[in-house]
file query-v2.tsv (TSV, C-alpha atoms)
chain	number	residue	atom	x	y	z
V	193	MET	CA	3.47	9.94	-6.20
V	194	LYS	CA	3.94	9.77	-2.46
V	195	LYS	CA	2.96	6.59	-0.71
V	196	ILE	CA	2.18	6.81	2.99
V	197	THR	CA	2.27	3.78	5.25
V	198	PHE	CA	1.28	3.69	8.89
V	199	VAL	CA	3.04	1.12	11.04
V	200	ALA	CA	1.76	0.18	14.50
V	201	LYS	CA	3.88	-1.93	16.82
V	202	VAL	CA	2.65	-4.56	19.29
V	203	ALA	CA	0.33	-2.82	21.74
V	204	GLY	CA	1.71	-2.19	25.21
V	205	VAL	CA	5.31	-2.52	24.04
V	206	VAL	CA	6.10	0.48	21.86
V	207	ALA	CA	3.68	2.49	19.80
V	208	ILE	CA	5.03	3.87	16.55
V	209	THR	CA	2.89	5.99	14.30
V	210	GLY	CA	4.03	8.09	11.44
V	211	ALA	CA	4.57	8.31	7.76
V	212	LEU	CA	7.09	5.97	6.22
V	213	LEU	CA	8.09	5.86	2.62
V	214	PRO	CA	9.25	2.71	0.87
V	215	GLY	CA	12.72	3.29	-0.49
V	216	ALA	CA	12.57	2.26	-4.12
V	217	PHE	CA	10.49	4.68	-6.14
V	218	ALA	CA	8.66	7.14	-3.90
V	219	GLN	CA	9.89	10.69	-3.30
V	220	LYS	CA	11.53	11.25	0.07
V	221	SER	CA	9.86	13.53	2.56
V	222	ALA	CA	11.69	16.71	3.55
V	223	ALA	CA	12.36	15.28	7.03
V	224	VAL	CA	14.04	12.13	5.71
V	225	GLN	CA	16.09	14.14	3.23
V	226	SER	CA	17.41	16.56	5.83
V	227	ILE	CA	18.34	13.68	8.16
V	228	GLU	CA	20.31	12.10	5.34
V	229	GLU	CA	22.04	15.43	4.63
V	230	TYR	CA	22.88	15.75	8.33
V	231	ARG	CA	24.36	12.26	8.31
V	232	ALA	CA	26.39	13.00	5.17
V	233	MET	CA	27.76	16.15	6.85
V	234	LEU	CA	28.70	14.15	9.94
V	235	ALA	CA	30.62	11.64	7.86
V	236	ASP	CA	33.31	14.22	7.06
V	237	GLY	CA	35.86	14.23	9.85
V	238	ASN	CA	34.73	11.00	11.46
V	239	PRO	CA	36.44	10.79	14.89
V	240	SER	CA	36.72	7.02	14.30
V	241	GLU	CA	39.97	7.90	12.56
V	242	LEU	CA	41.48	8.90	15.89
V	243	PHE	CA	40.65	5.45	17.24
V	244	GLU	CA	41.95	3.77	14.09
V	245	ALA	CA	45.31	5.44	14.56
V	246	LYS	CA	45.37	4.39	18.20
V	247	GLY	CA	44.44	0.80	17.34
V	248	GLU	CA	47.18	0.55	14.76
V	249	ASP	CA	49.74	1.75	17.30
V	250	LEU	CA	48.51	-0.77	19.89
V	251	TRP	CA	48.79	-3.64	17.38
V	252	LYS	CA	52.46	-2.85	16.85
V	253	GLN	CA	53.34	-1.99	20.43
V	254	LYS	CA	55.19	-4.40	22.75
V	255	ARG	CA	52.86	-4.81	25.72
V	256	GLY	CA	51.99	-7.05	28.65
V	257	PRO	CA	54.16	-9.30	30.84
V	258	LYS	CA	55.51	-11.02	27.74
V	259	GLN	CA	56.38	-7.66	26.13
V	260	ALA	CA	55.15	-8.78	22.73
V	261	THR	CA	53.24	-7.11	19.91
V	262	LEU	CA	50.01	-8.49	18.43
V	263	GLN	CA	51.61	-8.82	15.04
V	264	GLN	CA	51.55	-12.63	15.24
V	265	CYS	CA	47.86	-12.72	16.12
V	266	ASP	CA	45.85	-15.03	13.85
V	267	LEU	CA	42.47	-13.47	13.07
V	268	GLY	CA	41.48	-16.22	10.66
V	269	GLN	CA	43.78	-15.78	7.69
V	270	GLY	CA	47.14	-16.50	9.23
V	271	PRO	CA	49.31	-14.80	11.84
V	272	GLY	CA	49.49	-11.06	11.35
V	273	VAL	CA	47.02	-10.86	8.46
V	274	VAL	CA	44.66	-7.97	9.20
V	275	LYS	CA	43.40	-6.85	5.81
V	276	GLY	CA	40.08	-8.48	4.96
V	277	VAL	CA	39.65	-10.45	8.20
V	278	PHE	CA	36.94	-8.26	9.75
V	279	VAL	CA	34.37	-9.29	7.13
V	280	THR	CA	34.94	-12.99	7.83
V	281	LEU	CA	34.23	-12.85	11.57
V	282	PRO	CA	32.82	-14.55	13.63
V	283	ARG	CA	34.26	-17.84	12.44
V	284	TYR	CA	35.63	-21.13	13.83
V	285	PHE	CA	39.21	-21.25	15.14
V	286	ALA	CA	40.99	-24.60	15.45
V	287	ASP	CA	43.46	-23.57	18.15
V	288	THR	CA	40.68	-22.66	20.61
V	289	ASN	CA	38.17	-25.09	19.09
V	290	LYS	CA	35.34	-22.57	19.07
V	291	VAL	CA	33.63	-19.90	17.05
V	292	GLN	CA	35.03	-16.49	17.94
V	293	ASP	CA	34.25	-12.92	16.97
V	294	LEU	CA	36.87	-10.18	16.57
V	295	GLU	CA	36.94	-9.09	20.20
V	296	SER	CA	36.96	-12.63	21.54
V	297	ARG	CA	39.88	-13.41	19.22
V	298	LEU	CA	41.73	-10.28	20.36
V	299	LEU	CA	41.34	-11.45	23.97
V	300	THR	CA	42.84	-14.81	22.98
V	301	CYS	CA	45.80	-13.13	21.32
V	302	MET	CA	46.31	-10.61	24.13
V	303	GLU	CA	46.45	-13.49	26.60
V	304	THR	CA	48.56	-15.99	24.67
V	305	LEU	CA	50.93	-13.56	22.96
V	306	GLN	CA	51.16	-10.73	25.49
V	307	GLY	CA	50.32	-12.47	28.76
V	308	LEU	CA	47.48	-10.07	29.62
V	309	ASN	CA	44.56	-11.33	31.71
V	310	ALA	CA	41.59	-11.83	29.37
V	311	ALA	CA	39.06	-12.32	32.20
V	312	GLU	CA	40.11	-9.04	33.81
V	313	ILE	CA	39.87	-7.17	30.52
V	314	ALA	CA	36.42	-8.64	29.90
V	315	LYS	CA	35.22	-7.32	33.25
V	316	THR	CA	36.59	-3.80	32.68
V	317	PRO	CA	33.80	-1.33	31.80
V	318	PHE	CA	33.55	-0.11	28.22
V	319	GLY	CA	35.67	2.92	27.47
V	320	LYS	CA	38.06	2.34	30.37
V	321	GLY	CA	41.57	0.92	30.59
V	322	GLU	CA	42.23	-2.14	28.48
V	323	LYS	CA	38.61	-2.19	27.26
V	324	ALA	CA	39.23	1.14	25.57
V	325	ASN	CA	42.31	-0.38	23.93
V	326	MET	CA	40.21	-3.27	22.65
V	327	THR	CA	37.77	-0.86	21.06
V	328	ALA	CA	40.63	1.00	19.38
V	329	LEU	CA	42.07	-2.28	18.06
V	330	ALA	CA	38.65	-3.40	16.81
V	331	THR	CA	38.16	-0.03	15.09
V	332	TRP	CA	41.47	-0.27	13.23
V	333	ILE	CA	40.95	-3.90	12.22
V	334	ALA	CA	37.47	-3.04	10.93
V	335	ALA	CA	38.94	-0.13	8.96
V	336	GLU	CA	41.30	-2.55	7.23
V	337	SER	CA	38.23	-4.19	5.67
V	338	ARG	CA	36.47	-0.97	4.78
V	339	ASP	CA	34.03	-1.34	1.86
V	340	MET	CA	34.67	-5.08	1.57
V	341	LYS	CA	31.73	-7.49	1.39
V	342	PHE	CA	30.87	-9.72	4.31
V	343	ALA	CA	31.81	-13.36	3.74
V	344	LEU	CA	31.40	-15.23	7.01
V	345	PRO	CA	32.12	-18.94	6.55
V	346	GLN	CA	29.44	-21.53	7.39
V	347	SER	CA	31.47	-24.61	6.55
V	348	HIS	CA	32.44	-25.87	9.99
V	349	GLU	CA	29.81	-27.66	12.10
V	350	GLN	CA	30.29	-25.23	14.99
V	351	GLU	CA	29.75	-22.25	12.67
V	352	LYS	CA	26.40	-23.71	11.63
V	353	VAL	CA	25.47	-24.35	15.26
V	354	ALA	CA	26.42	-20.80	16.19
V	355	TYR	CA	24.13	-19.46	13.47
V	356	GLU	CA	21.20	-21.55	14.67
V	357	VAL	CA	21.78	-20.64	18.32
V	358	GLY	CA	22.01	-17.00	17.30
V	359	LYS	CA	18.71	-17.26	15.48
V	360	ARG	CA	16.99	-18.74	18.55
V	361	LEU	CA	18.48	-15.97	20.70
V	362	PHE	CA	17.25	-13.35	18.24
V	363	PHE	CA	13.65	-14.46	18.65
V	364	GLN	CA	13.81	-15.27	22.36
V	365	ARG	CA	11.52	-12.98	24.34
V	366	GLY	CA	12.33	-12.11	27.92
V	367	GLY	CA	13.02	-9.40	30.42
V	368	PRO	CA	10.36	-7.26	32.11
V	369	HIS	CA	9.01	-6.01	28.75
V	370	ASP	CA	9.03	-9.40	27.07
V	371	PHE	CA	11.21	-7.99	24.30
V	372	SER	CA	13.27	-9.96	21.84
V	373	CYS	CA	15.66	-8.62	19.21
V	374	ALA	CA	12.85	-9.32	16.76
V	375	SER	CA	10.56	-6.92	18.64
V	376	CYS	CA	12.44	-4.07	16.96
V	377	HIS	CA	14.37	-5.75	14.17
V	378	GLY	CA	11.93	-8.37	12.96
V	379	GLY	CA	10.12	-6.54	10.15
V	380	ASP	CA	10.50	-4.22	7.18
V	381	ASN	CA	10.30	-0.42	7.30
V	382	TRP	CA	9.95	-0.19	11.06
V	383	ARG	CA	11.09	2.90	12.91
V	384	ILE	CA	11.34	4.12	16.49
V	385	ARG	CA	10.93	7.89	16.74
V	386	LEU	CA	13.26	9.08	13.97
V	387	GLN	CA	15.53	6.05	14.00
V	388	ASP	CA	15.04	3.54	11.19
V	389	LEU	CA	15.13	-0.05	12.41
V	390	PRO	CA	16.70	-2.44	9.89
V	391	ASN	CA	15.16	-5.89	9.49
V	392	LEU	CA	17.96	-8.09	10.78
V	393	THR	CA	16.26	-11.41	10.00
V	394	LYS	CA	17.58	-10.93	6.46
V	395	ASN	CA	20.24	-8.89	4.64
V	396	PRO	CA	19.49	-5.22	5.39
V	397	GLY	CA	21.83	-3.93	2.67
V	398	ASP	CA	25.22	-2.23	2.41
V	399	GLY	CA	26.43	-0.44	5.50
V	400	ILE	CA	23.35	-1.15	7.60
V	401	GLY	CA	22.97	-3.05	10.88
V	402	PHE	CA	25.83	-5.49	11.37
V	403	ALA	CA	27.70	-3.73	8.56
V	404	ALA	CA	27.78	-0.39	10.40
V	405	TRP	CA	29.67	-1.26	13.58
V	406	PRO	CA	32.17	-0.35	15.11
V	407	ALA	CA	30.91	3.23	14.94
V	408	TYR	CA	31.45	6.59	16.64
V	409	ARG	CA	28.37	7.89	18.45
V	410	VAL	CA	28.36	11.67	18.09
V	411	SER	CA	25.69	12.15	20.79
V	412	ASN	CA	27.94	10.82	23.54
V	413	GLY	CA	31.33	11.13	21.89
V	414	GLN	CA	32.07	7.43	22.28
V	415	MET	CA	33.54	4.82	19.98
V	416	TRP	CA	31.43	1.65	20.14
V	417	SER	CA	32.56	-1.79	19.07
V	418	MET	CA	30.14	-4.55	18.04
V	419	GLN	CA	30.31	-6.06	21.55
V	420	HIS	CA	29.40	-2.69	23.01
V	421	ARG	CA	26.48	-2.33	20.61
V	422	LEU	CA	25.11	-5.81	21.40
V	423	ASN	CA	25.54	-5.10	25.10
V	424	ASP	CA	23.48	-1.95	24.69
V	425	CYS	CA	20.76	-3.78	22.74
V	426	TYR	CA	20.33	-6.06	25.72
V	427	ARG	CA	20.34	-3.05	28.04
V	428	GLN	CA	17.57	-1.44	26.00
V	429	GLN	CA	15.54	-4.64	26.27
V	430	ARG	CA	16.13	-4.57	30.06
V	431	PHE	CA	17.83	-7.98	29.91
V	432	PRO	CA	20.65	-8.92	32.31
V	433	GLU	CA	24.04	-7.77	31.03
V	434	PRO	CA	25.66	-10.32	28.69
V	435	GLY	CA	29.26	-11.32	29.32
V	436	TYR	CA	31.83	-9.57	27.13
V	437	ALA	CA	32.70	-11.80	24.17
V	438	SER	CA	30.47	-14.50	25.65
V	439	ASP	CA	29.00	-17.39	23.64
V	440	VAL	CA	25.65	-15.57	23.54
V	441	THR	CA	27.09	-12.47	21.91
V	442	ILE	CA	29.20	-14.51	19.49
V	443	ALA	CA	26.24	-16.66	18.42
V	444	LEU	CA	24.09	-13.57	17.92
V	445	ALA	CA	26.86	-11.88	15.92
V	446	THR	CA	27.17	-15.03	13.78
V	447	TYR	CA	23.44	-14.93	12.99
V	448	LEU	CA	23.56	-11.21	12.14
V	449	GLY	CA	26.81	-11.50	10.22
V	450	VAL	CA	25.84	-14.46	8.06
V	451	ASN	CA	22.56	-12.71	7.24
V	452	SER	CA	24.64	-9.74	6.07
V	453	ASN	CA	26.87	-11.83	3.80
V	454	GLY	CA	27.27	-10.09	0.45
V	455	SER	CA	26.68	-6.59	1.76
V	456	LYS	CA	29.41	-3.96	2.14
V	457	SER	CA	30.95	-3.03	5.48
V	458	VAL	CA	31.18	0.71	6.13
V	459	ALA	CA	32.87	0.27	9.48
V	460	PRO	CA	34.12	2.28	11.25
V	461	ALA	CA	31.02	4.41	10.74
V	462	ILE	CA	29.55	7.48	12.42
V	463	LYS	CA	26.19	7.58	14.15
V	464	ARG	CA	23.87	10.18	15.67
S	146	MET	CA	51.49	13.95	25.11
S	147	ALA	CA	47.98	14.14	23.65
S	148	ASP	CA	46.86	11.93	20.76
S	149	PRO	CA	47.86	13.15	17.29
S	150	MET	CA	45.58	15.22	15.06
S	151	ARG	CA	44.56	14.05	11.62
S	152	ILE	CA	45.15	16.76	9.04
S	153	ARG	CA	44.23	16.52	5.38
S	154	ALA	CA	44.84	19.29	2.86
S	155	GLN	CA	43.45	18.97	-0.66
S	156	VAL	CA	44.43	21.48	-3.33
S	157	LYS	CA	42.03	22.39	-6.12
S	158	GLY	CA	43.21	25.18	-8.38
S	159	ASP	CA	44.41	27.98	-6.15
S	160	VAL	CA	42.56	26.91	-3.01
S	161	ALA	CA	43.40	24.23	-0.46
S	162	THR	CA	40.63	22.75	1.68
S	163	VAL	CA	42.11	21.77	5.03
S	164	ARG	CA	40.31	19.34	7.32
S	165	VAL	CA	41.56	18.81	10.86
S	166	LEU	CA	40.32	16.26	13.37
S	167	MET	CA	41.62	16.96	16.88
S	168	SER	CA	41.62	14.45	19.69
S	169	HIS	CA	40.53	16.26	22.85
S	170	GLU	CA	38.06	15.63	25.67
S	171	MET	CA	36.78	19.25	25.53
S	172	GLU	CA	35.33	19.13	29.04
S	173	SER	CA	33.06	22.17	29.29
S	174	GLY	CA	33.31	22.58	33.04
S	175	GLN	CA	29.54	22.43	33.41
S	176	ARG	CA	29.08	18.67	33.65
S	177	LYS	CA	28.63	16.86	36.94
S	178	ASP	CA	29.99	13.42	37.62
S	179	SER	CA	27.95	10.59	39.18
S	180	ALA	CA	28.82	11.83	42.69
S	181	GLY	CA	27.40	15.27	41.90
S	182	ASN	CA	30.75	17.04	41.69
S	183	LEU	CA	31.50	19.49	38.90
S	184	VAL	CA	33.94	18.05	36.37
S	185	PRO	CA	36.55	20.80	35.91
S	186	ALA	CA	36.89	22.51	32.53
S	187	MET	CA	39.57	21.13	30.25
S	188	HIS	CA	39.21	22.35	26.72
S	189	ILE	CA	41.12	23.91	23.84
S	190	THR	CA	41.37	27.70	24.14
S	191	GLU	CA	43.57	28.66	21.17
S	192	VAL	CA	43.98	27.19	17.71
S	193	SER	CA	46.36	28.43	15.05
S	194	ALA	CA	47.15	27.18	11.57
S	195	SER	CA	50.09	28.10	9.38
S	196	LEU	CA	51.01	27.66	5.74
S	197	ASN	CA	54.75	27.13	5.24
S	198	GLY	CA	55.38	28.82	8.57
S	199	ALA	CA	53.14	31.86	8.04
S	200	VAL	CA	50.10	32.01	10.34
S	201	ILE	CA	46.88	31.95	8.30
S	202	LEU	CA	44.24	31.25	10.94
S	203	THR	CA	43.81	31.82	14.67
S	204	ALA	CA	40.79	30.89	16.75
S	205	ASP	CA	39.69	31.35	20.36
S	206	TRP	CA	37.58	28.43	21.51
S	207	GLY	CA	35.37	28.17	24.55
S	208	SER	CA	33.34	25.51	26.29
S	209	ALA	CA	30.78	25.30	23.49
S	210	VAL	CA	33.06	23.37	21.15
S	211	SER	CA	32.38	19.66	21.44
S	212	LYS	CA	34.59	16.65	21.98
S	213	ASN	CA	37.05	15.57	19.28
S	214	PRO	CA	36.55	18.82	17.35
S	215	PHE	CA	36.54	18.88	13.59
S	216	LEU	CA	37.82	22.06	11.92
S	217	GLN	CA	37.60	22.75	8.21
S	218	PHE	CA	38.86	25.85	6.41
S	219	MET	CA	39.99	26.94	2.97
S	220	VAL	CA	43.16	28.86	2.19
S	221	LYS	CA	43.97	30.65	-1.03
S	222	GLY	CA	47.38	30.56	-2.58
S	223	ALA	CA	48.30	27.05	-1.53
S	224	LYS	CA	49.80	24.47	-3.86
S	225	ALA	CA	50.69	20.80	-3.64
S	226	GLY	CA	53.70	20.18	-1.41
S	227	ASP	CA	53.00	23.12	0.94
S	228	LYS	CA	53.27	22.43	4.66
S	229	ILE	CA	50.17	23.04	6.75
S	230	ALA	CA	50.74	23.03	10.52
S	231	VAL	CA	47.99	23.23	13.16
S	232	THR	CA	48.58	24.00	16.84
S	233	TRP	CA	46.20	23.91	19.78
S	234	LYS	CA	46.58	25.04	23.38
S	235	ASP	CA	44.19	24.13	26.21
S	236	THR	CA	43.13	25.34	29.66
S	237	LYS	CA	45.74	23.15	31.34
S	238	GLY	CA	48.50	24.68	29.28
S	239	ASP	CA	48.95	21.51	27.20
S	240	THR	CA	49.73	22.04	23.58
S	241	ARG	CA	50.01	19.96	20.43
S	242	THR	CA	51.23	20.69	16.91
S	243	ASP	CA	50.83	18.48	13.88
S	244	GLU	CA	51.81	19.00	10.30
S	245	ALA	CA	50.61	17.74	6.93
S	246	THR	CA	51.57	18.22	3.32
S	247	ALA	CA	49.00	19.56	0.86
S	248	SER	CA	48.27	17.28	-2.07

call {"tool": "encode", "arguments": {"input": "query-v2.tsv", "output": "structure tokens"}}
result
Amino acid sequence: MKKITFVAKVAGVVAITGALLPGAFAQKSAAVQSIEEYRAMLADGNPSELFEAKGEDLWKQKRGPKQATLQQCDLGQGPGVVKGVFVTLPRYFADTNKVQDLESRLLTCMETLQGLNAAEIAKTPFGKGEKANMTALATWIAAESRDMKFALPQSHEQEKVAYEVGKRLFFQRGGPHDFSCASCHGGDNWRIRLQDLPNLTKNPGDGIGFAAWPAYRVSNGQMWSMQHRLNDCYRQQRFPEPGYASDVTIALATYLGVNSNGSKSVAPAIKR
Amino acid sequence: MADPMRIRAQVKGDVATVRVLMSHEMESGQRKDSAGNLVPAMHITEVSASLNGAVILTADWGSAVSKNPFLQFMVKGAKAGDKIAVTWKDTKGDTRTDEATAS
């Protein structure tokens, strides 16, 4: 028995009309099925692998003024431990006394171990120069936690604060359209055109939302890290551009990540 | 030297399914940059694959093939341990060859 639901968004912001089918027991429409087949076909030969290989090389390469590798970088489970760390970030780090996500932590390591200039790298546009290297590193490190379940810690006081700040940021409306993250990701079974919008106020399930980035975007042939994706969310909301690996992005990632705890990471994934 | 290709060859019975992921910009020559200038073409023109040294596939590619191309083909008569090599050549004259072992 097919169940048809019409969903209308807040008037004046975005209008979505169309047939949506709840996942559990209803039959899928032909459109939804063919989109899923298309996505399954895309998954074979995911160009993320090219970036994984590059990231692995960069981790082991002697670089920067100090001519050192990143193999002593502590991503939360001891120097050099890469397997399983991706699904525990963002988390608190004692040496910097703050909550850091993967890319923020990579900046710390690139500066302290290799002598590279973190501020300069942060300002470099996505996809260029050292920023492209960061994306490759993030892709490889994410791949080393493929299919593992998210387990972000919430034991340290600052981790709890980051979650709460992230939650406030998620619901904060602003910009010329008065959008917040919740405008698109605040409810169940929402969709914009043909793109399903996961509800990020709770666990959206394996491989969805926070669990699907870094990912390769087929439509523009680009590899996007989580920082890039958050940056683009803000761009879509017509907000000012957030700083790369800034406190805002880390707090937001903490909120999204902790909500995803228990679900499987499919990163690095492939997207339309 | 260009980034390495990822080649996987899986044997099932008498047939090997080979999957190749090539790292290449594949600039069509029809795009314009932000200043309005045409970005010159830079894409793969020839692809060839060989099984233990014998050429089994050749392809002529044009500007329609997209970035980071994925090529999949099946070859009969392959067994585990066979060497599959793939070579590409582009408009600039650059070339790249990578090899994998069928399993």

call {"tool": "interface_residues", "arguments": {"input": "query-v2.tsv", "of": "chain V", "to": "chain S", "cutoff": "10 Å", "atoms": "all atoms listed in the file", "output": "VMD selection string"}}
result
chain V and resid 234 236 to 243 245 to 246 410 412 to 414

call {"tool": "atom_distance", "arguments": {"input": "query-v2.tsv", "atom1": "atom CA of S:Val200", "atom2": "atom CA of S:Ala230"}}
result
9.0 Å

call {"tool": "residues_around", "arguments": {"input": "query-v2.tsv", "residues": "S:Gly222", "least_positions_apart": "4", "cutoff": "12 Å", "atoms": "all atoms listed in the file", "output": "count of residues only"}}
result
12

call {"tool": "residues_near_point", "arguments": {"input": "query-v2.tsv", "point": "(48.1, 16.8, -0.9)", "cutoff": "7 Å", "atoms": "all atoms listed in the file", "output": "list in words"}}
result
Ala154, Gln155, Val156, Ala225, Gly226, Thr246, Ala247 and Ser248 of chain S

call {"tool": "residues_around", "arguments": {"input": "query-v2.tsv", "residues": "V:Arg231", "least_positions_apart": "2", "cutoff": "12 Å", "atoms": "all atoms listed in the file", "output": "short mmCIF file (atom, residue, chain, number, x, y, z; two decimals) with C-alpha atoms, in the frame of the given file"}}
result
data_model
loop_
_atom_site.label_atom_id
_atom_site.label_comp_id
_atom_site.auth_asym_id
_atom_site.auth_seq_id
_atom_site.Cartn_x
_atom_site.Cartn_y
_atom_site.Cartn_z
CA VAL V 224 14.04 12.13 5.71
CA GLN V 225 16.09 14.14 3.23
CA SER V 226 17.41 16.56 5.83
CA ILE V 227 18.34 13.68 8.16
CA GLU V 228 20.31 12.10 5.34
CA GLU V 229 22.04 15.43 4.63
CA MET V 233 27.76 16.15 6.85
CA LEU V 234 28.70 14.15 9.94
CA ALA V 235 30.62 11.64 7.86
CA ASP V 236 33.31 14.22 7.06
CA GLY V 237 35.86 14.23 9.85
CA ASN V 238 34.73 11.00 11.46
CA ARG V 409 28.37 7.89 18.45
CA VAL V 410 28.36 11.67 18.09
CA ALA V 461 31.02 4.41 10.74
CA ILE V 462 29.55 7.48 12.42
CA LYS V 463 26.19 7.58 14.15
CA ARG V 464 23.87 10.18 15.67
#

call {"tool": "residues_around", "arguments": {"input": "query-v2.tsv", "residues": "stretch 363-373 of chain V", "least_positions_apart": "6", "cutoff": "6 Å", "atoms": "only C-alpha atoms", "output": "list in words"}}
result
Gln429, Arg430 and Phe431 of chain V

call {"tool": "residues_around", "arguments": {"input": "query-v2.tsv", "residues": "S:Thr190", "least_positions_apart": "5", "cutoff": "9 Å", "atoms": "all atoms listed in the file", "output": "number ranges by chain"}}
result
S: 204-208, 233-236

call {"tool": "atom_distance", "arguments": {"input": "query-v2.tsv", "atom1": "atom CA of V:Glu303", "atom2": "atom CA of V:His420"}}
result
20.5 Å

call {"tool": "atom_distance", "arguments": {"input": "query-v2.tsv", "atom1": "atom CA of V:Ser296", "atom2": "atom CA of V:Ala437"}}
result
5.1 Å

call {"tool": "residues_around", "arguments": {"input": "query-v2.tsv", "residues": "V:Pro271", "least_positions_apart": "6", "cutoff": "12 Å", "atoms": "only C-alpha atoms", "output": "VMD selection string"}}
result
chain V and resid 261 to 265 277 301 305

call {"tool": "write_last_selection", "arguments": {"input": "query-v2.tsv", "atoms": "C-alpha atoms", "output": "PDB file, in the coordinates of the input"}}
result
ATOM      1  CA  THR V 261      53.240  -7.110  19.910  1.00  0.00           C
ATOM      2  CA  LEU V 262      50.010  -8.490  18.430  1.00  0.00           C
ATOM      3  CA  GLN V 263      51.610  -8.820  15.040  1.00  0.00           C
ATOM      4  CA  GLN V 264      51.550 -12.630  15.240  1.00  0.00           C
ATOM      5  CA  CYS V 265      47.860 -12.720  16.120  1.00  0.00           C
ATOM      6  CA  VAL V 277      39.650 -10.450   8.200  1.00  0.00           C
ATOM      7  CA  CYS V 301      45.800 -13.130  21.320  1.00  0.00           C
ATOM      8  CA  LEU V 305      50.930 -13.560  22.960  1.00  0.00           C
TER       9      LEU V 305
END

call {"tool": "residues_near_point", "arguments": {"input": "query-v2.tsv", "point": "(40.6, -6.5, 7.3)", "cutoff": "6 Å", "atoms": "only C-alpha atoms", "output": "list of chain:residue names"}}
result
V:Val274, V:Lys275, V:Gly276, V:Val277, V:Phe278, V:Ile333, V:Ala334, V:Glu336, V:Ser337

call {"tool": "closest_residue", "arguments": {"input": "query-v2.tsv", "among": "V:Leu308, V:Met326, V:Leu448, V:Met418", "to": "V:Ala260", "atoms": "all atoms listed in the file"}}
result
V:Leu308

call {"tool": "closest_residue", "arguments": {"input": "query-v2.tsv", "among": "S:Asn182, S:Gln175, S:Phe218, S:His188", "to": "S:Val231", "atoms": "only C-alpha atoms"}}
result
S:Phe218

call {"tool": "decode", "arguments": {"input": "query-v2.tsv", "residues": "stretch 209-246 of chain S", "atoms": "C-alpha atoms", "output": "PDB file, in the first residue's frame"}}
result
ATOM      1  CA  ALA S 209      33.369  13.906 -23.599  1.00  0.00           C
ATOM      2  CA  VAL S 210      35.019  11.665 -21.014  1.00  0.00           C
ATOM      3  CA  SER S 211      34.787  13.249 -17.592  1.00  0.00           C
ATOM      4  CA  LYS S 212      37.308  13.963 -14.877  1.00  0.00           C
ATOM      5  CA  ASN S 213      38.949  11.096 -12.993  1.00  0.00           C
ATOM      6  CA  PRO S 214      37.630   8.532 -15.479  1.00  0.00           C
ATOM      7  CA  PHE S 215      36.511   5.114 -14.364  1.00  0.00           C
ATOM      8  CA  LEU S 216      36.958   2.261 -16.851  1.00  0.00           C
ATOM      9  CA  GLN S 217      35.607  -1.232 -16.356  1.00  0.00           C
ATOM     10  CA  PHE S 218      36.006  -4.171 -18.731  1.00  0.00           C
ATOM     11  CA  MET S 219      35.985  -7.955 -18.684  1.00  0.00           C
ATOM     12  CA  VAL S 220      38.606 -10.197 -20.233  1.00  0.00           C
ATOM     13  CA  LYS S 221      38.282 -13.894 -20.931  1.00  0.00           C
ATOM     14  CA  GLY S 222      41.082 -16.306 -20.331  1.00  0.00           C
ATOM     15  CA  ALA S 223      42.565 -14.587 -17.311  1.00  0.00           C
ATOM     16  CA  LYS S 224      43.541 -16.386 -14.125  1.00  0.00           C
ATOM     17  CA  ALA S 225      44.767 -15.356 -10.698  1.00  0.00           C
ATOM     18  CA  GLY S 226      48.342 -14.078 -10.770  1.00  0.00           C
ATOM     19  CA  ASP S 227      48.111 -12.620 -14.301  1.00  0.00           C
ATOM     20  CA  LYS S 228      49.520  -9.130 -14.806  1.00  0.00           C
ATOM     21  CA  ILE S 229      47.124  -6.476 -16.067  1.00  0.00           C
ATOM     22  CA  ALA S 230      48.771  -3.236 -17.222  1.00  0.00           C
ATOM     23  CA  VAL S 231      46.914  -0.072 -18.263  1.00  0.00           C
ATOM     24  CA  THR S 232      48.482   2.844 -20.132  1.00  0.00           C
ATOM     25  CA  TRP S 233      47.082   6.249 -20.987  1.00  0.00           C
ATOM     26  CA  LYS S 234      48.400   9.051 -23.183  1.00  0.00           C
ATOM     27  CA  ASP S 235      47.035  12.612 -23.215  1.00  0.00           C
ATOM     28  CA  THR S 236      46.926  15.694 -25.455  1.00  0.00           C
ATOM     29  CA  LYS S 237      50.095  17.072 -23.869  1.00  0.00           C
ATOM     30  CA  GLY S 238      51.991  13.906 -24.663  1.00  0.00           C
ATOM     31  CA  ASP S 239      52.086  12.844 -20.992  1.00  0.00           C
ATOM     32  CA  THR S 240      51.718   9.170 -20.368  1.00  0.00           C
ATOM     33  CA  ARG S 241      51.245   6.863 -17.406  1.00  0.00           C
ATOM     34  CA  THR S 242      51.316   3.084 -16.993  1.00  0.00           C
ATOM     35  CA  ASP S 243      50.240   1.133 -13.946  1.00  0.00           C
ATOM     36  CA  GLU S 244      50.079  -2.564 -13.317  1.00  0.00           C
ATOM     37  CA  ALA S 245      48.052  -4.861 -11.085  1.00  0.00           C
ATOM     38  CA  THR S 246      47.868  -8.559 -10.400  1.00  0.00           C
TER      39      THR S 246
END
